[in-house]
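Please read the structure below before turning to the comments.
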Amino acid sequence: MTQVILAAVLGLLFALGTYLILRKDVVRVVWGVSIISQAANVYLVTMGGLTGVAPILGHGGEHPVACSVPDAGSGCVTDPLVQALVLTAIVIGFGTTAFALVLTYRLYQEHGTIDLREVSAE
Amino acid sequence: MSEHLAISTTHVVVAPMLAALVTAVATLATRRYDSLQRALSLLGIGAYAVGVAVLTQRVLSGGSLTYQLSAWPAPFGISLVADALAVFMLAMAALVTVALLVYSVVYVDDQGQRVSYHPLFHFMLLGVTGSFLTGDIFNLFVWFEVMLMPSYVFVVFYSGPRHTAAALQYTVLNLVGSALMLVAIGGLYASTGTLNMADMARRLAAAGEYGIDPAPVLGLSAILFVVFALKAGIVPFQFWVPPAYRAAPAPISAFLAGVTKKVGVYAIVRLYFTVFAAGTIEGGLGLPGFAGDSFLAFFGPVFFVMALASMLVGGVGAVSRENLDDVFAYSSIGQVGFIVLPLGIVATVTDPALRTLGIVAALVYSLNHAVAKSLLFLVSGAIHDAAGTIELDDIGGITTRFPVLAGSFFVGSLALVGIPPLSGFFGKLLVFDTGGQALAAGAPGAGLALGGALVGAIFTIAYLSRAWARGFWGSVTPMVEHGDTSTVLVGVVAALALVVVAIGVGFDPVYAFAESAAEAALDTEAYVEAVDPEVVAHE
């Protein structure tokens with residue numbers, strides 16, 4: 001059940017992000033980009049498997065094998081690697097979103113508008 | 001004793017990255033002291049070039065070197081792999097960026113250099129170097145980001161209306177590309193169980209044993225290809241190229257076209273010919289027009305069609321432009337087509353000699369394009385510096401007023417066209433040779449490839465001779481008449497023109513280097529052995 005809900009949520013997030021990127025308002029475009037990159041992060045977390053216990057020895061996981069490994073059996077742990085990856089991706093996403101917002105402001109200063117049709121018409 | 005020696009040999013792998021990183025930080029810290037900052041920046045690029053030279057010499061004489069971060073064994077740690085392919089790309093990057101930085105110190109205004117130019121330049125170089133050396137697919141993503149972030153700032157460097165608009169398009173497009181790359185990498189990790197490229201190749205070769213379903217891996221690698229095609233500016237992902245190259249300062253346009261684009265090309269060669277080539281789909285793909293069961297049998301026709309489209313779009317675009325930078329930007333799209341075309345041809349052939357030839361053709365063409373296109377963008381920058389414009393109609397008479405610049409442009413153009421004895425001749429020759437041999441071997445579409453390459457080559461002649469005839473020849477315009485430029489700029493341009501000639505005249509060692517790089521790209525086993533991922537048992 002969790003899988004179905006997560007898949008649906010991810011699909012919605014990607015759809016929403018795509019919709020916003022196609023808008024003519026630059027701020028919405030930046031919103032769209034950050035929603036898509038967050039959706040990619042959530043997706044990345046799910047790649048570690050949704051079952052399993054926390055990957056800490058003695059935390060119920062006396063058999064510390066990641067659930068993503070075939071035939072892991074019961075008592076397997078959630079793959080911690082994807083969470084490390086997501087951490088990196090979140091930091092990078094934070095930096096690029098900040099840059100994109102500053103760029104939006106500069107665009108407004110230079111063009112006096114944030115409507116992409118007016119920007120490209122110049 | 002021997003342990004200590006072993007550590008110091010593999011440390012040379014990170015030497016170029018350390019040089020770029022330390023210089024980036026040092027130039028950031030010294031930005032209040034103009035001369036010191038520039039001196040450090042130049043010293044840093046010198047150290048980078050020396051590092052690359054030492055690494056290249058070690059790899060070519062002693063085989064691939066692998067640096068395991070913190071001595072964690074592969075596939076658990078992060079591996080940095082310097083094989084012949086990686087050092088070929090590094091040598092190309094070092095050759096071009098040294099010239100670009102010397103040029104930049106004179107070309108970019110004082111205020112610009114003070115603000116951010118030098119740190120960004122070295123961070124971008126760091127990202128490029130990391131992408132060439134990494135043996136880990138998630139790290140490839142990180143290095144791509146390191147390379148892209150300075151490039152966003154460079155596109156908006158002049159910060160005018162045109163630059164902000166171009167930078168927004170470039171940034172948004174690449175951010176979407178990054179999200180896609182993350183999706184592909186996450187999926188690849190979930191389906192193959194590893195991020196280490198060598199380990200992935202090993203597991204794909206024995207997919208059944210590791211419980212890997214090859215079909216999703218193929219799909220995910222196709223998503224990944226979209227990202228690389230975006231970076232390399234291959235049709236239909238080329239539309240960001242002209243505005244971004246026009247907006248960036250001239251040496252950065254040269255950097256983006258000459259070096260950053262080649263990161264996309266490198267990633268395609270490394271991942272699709274070294275790693276994913278190991279994968280097969282049982283019973284073939286079952287798609288019309290795709291024969292064979294290897295992953296490459298799928299990517300071959302895709303590369304092929306996109307390369308042909310790039311040559312045509314780039315050629316048609318370049319012949320009608322009114323501005324030097326636009327001509328060169330569209331030309332870059334077309335030239336990348338020439339680089340990818342031999343890859344597309346040889347992806348579907350099984351003859352190992354022919355496959356090596358195709359990769360050699362792509363690598364030699366990349367080198368030629370890196371040097372010649374950088375040269376052309378620098379000429380355009382020097383003309384802008386002198387005359388204040390690069391509109392073809394306004395720059396008449398360059399030949400009489402600035403003969404060295406005009407002569408260098410001429411050499412660079414002839415190299416792109418492929419006139420012997422310049423570097424471009426061998427690039428074109430190898431591309432056509434690949435097509436011809438594939439045709440002789442009866443590969444499907446080889447005739448089309450040759451025809452397309454011929455049309456692309458004719459377009460190249462057309463747009464460059466048009467730029468020459470309309471821009472450089474003709475009566476001297478007032479802008480050119482009263483213009484003046486620095487001897488350093490002209491000197492760097494002339495030096496690059498000499499490099500173009502030198503690569504062509506002394507082509508033998510270049511060919512040997514490219515050939516060992518191509519063999520390294522195709523030898524998956526040697527790559528796996530160099531990284532040596534320990535076999536992970538699941539009992």
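Within each chain, counting starts at residue 1; across the structure tokens, chains are named A, B, ... in the order shown, with ligands numbered 1 upward in that order.
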Extract, using only C-alpha atoms, all DNA, RNA and protein residues at most 10 Å from B:Val105, discarding same-chain residues fewer than 2 positions from it, and format them as number ranges by chain. B: 38-39, 41-42, 100-103, 107-110, 113, 117-118, 488-489
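Near chain B, the residues of chain A that fall inside 6 Å (using only C-alpha atoms) are Ser37, Ala40, Leu44, Met47, Leu107 and Glu110 of chain A.
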Spatial neighbours of stretch 414-423 of chain B, 6 Å, only C-alpha atoms, chain gap at least 4 places, as a list in words: Asn368, Lys428, Thr460, Ile461, Val500, Val501, Ile503, Gly504 and Val505 of chain B
Would you put the residues from that selection into a file with N, CA and C atoms, as a CSV table (one decimal), in the first residue's frame?
chain,number,residue,atom,x,y,z
B,368,ASN,N,40.4,17.8,-32.0
B,368,ASN,CA,40.5,18.8,-33.1
B,368,ASN,C,39.4,19.9,-32.8
B,428,LYS,N,38.4,14.3,-39.7
B,428,LYS,CA,37.5,14.0,-40.8
B,428,LYS,C,37.8,12.7,-41.5
B,460,THR,N,29.9,22.9,-43.4
B,460,THR,CA,31.0,23.5,-42.7
B,460,THR,C,31.8,24.4,-43.6
B,461,ILE,N,32.1,24.0,-44.8
B,461,ILE,CA,32.8,24.8,-45.8
B,461,ILE,C,32.0,26.1,-46.1
B,500,VAL,N,47.2,23.7,-33.6
B,500,VAL,CA,46.4,23.1,-34.6
B,500,VAL,C,47.3,22.5,-35.7
B,501,VAL,N,48.3,23.3,-36.1
B,501,VAL,CA,49.2,22.8,-37.2
B,501,VAL,C,50.0,21.7,-36.6
B,503,ILE,N,49.5,19.5,-34.2
B,503,ILE,CA,48.8,18.2,-34.0
B,503,ILE,C,48.7,17.5,-35.3
B,504,GLY,N,48.4,18.3,-36.4
B,504,GLY,CA,48.3,17.7,-37.7
B,504,GLY,C,49.6,17.2,-38.2
B,505,VAL,N,50.7,18.0,-38.1
B,505,VAL,CA,52.0,17.6,-38.6
B,505,VAL,C,52.6,16.4,-37.8
Nearest candidate to B:Val455 (options B:Gly315, B:Thr356, B:Thr97, B:Thr129; using only C-alpha atoms): B:Gly315
All residues 12 Å or closer to A:Gly48, only C-alpha atoms, same chain fewer than 4 positions away omitted, as a ChimeraX atom specification: /A:41-44,52-55,65-69,76-86 /B:186-191,193-194
Restrict the selected residues to C-alpha atoms and save them as a CSV table (one decimal), in the first residue's frame.
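Result written to selection12.csv:
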chain,number,residue,atom,x,y,z
A,41,ASN,CA,15.0,13.2,-4.0
A,42,VAL,CA,11.9,11.5,-2.6
A,43,TYR,CA,12.2,9.0,-5.5
A,44,LEU,CA,15.8,8.4,-4.5
A,52,GLY,CA,13.2,-3.0,6.8
A,53,VAL,CA,14.4,-1.6,10.1
A,54,ALA,CA,16.8,1.3,10.7
A,55,PRO,CA,20.3,0.3,9.7
A,65,VAL,CA,21.7,-7.0,5.1
A,66,ALA,CA,20.0,-4.4,3.0
A,67,CYS,CA,16.5,-5.3,1.9
A,68,SER,CA,17.4,-4.3,-1.7
A,69,VAL,CA,19.7,-7.3,-1.9
A,76,CYS,CA,16.9,-6.9,6.8
A,77,VAL,CA,17.7,-3.2,7.1
A,78,THR,CA,16.8,-0.2,4.9
A,79,ASP,CA,19.6,0.7,2.6
A,80,PRO,CA,21.3,3.7,4.2
A,81,LEU,CA,23.3,4.6,1.1
A,82,VAL,CA,20.5,6.2,-0.8
A,83,GLN,CA,19.9,8.5,2.2
A,84,ALA,CA,23.5,9.6,2.0
A,85,LEU,CA,23.0,10.3,-1.7
A,86,VAL,CA,19.8,12.3,-1.0
B,186,GLY,CA,18.8,6.1,-8.3
B,187,GLY,CA,17.0,3.6,-10.6
B,188,LEU,CA,20.4,2.1,-11.7
B,189,TYR,CA,21.4,1.7,-8.1
B,190,ALA,CA,18.1,0.0,-7.2
B,191,SER,CA,18.3,-2.4,-10.2
B,193,GLY,CA,22.8,-2.8,-6.6
B,194,THR,CA,25.9,-0.7,-7.1
Skipping near chain neighbours, those fewer than 6 positions away, what residues fall within 7 Å of stretch 22-35 of chain B using only C-alpha atoms, listed as a PyMOL selection string? chain B and resi 41+44+114+118-119+122-123
Residue contacts of A:Thr18 (10 Å, only C-alpha atoms) excluding same-chain residues fewer than 5 positions away, as a list in words: Leu12, Leu13, Arg23, Val29, Gly32, Val33, Ile35 and Ile36 of chain A; Val176 of chain B
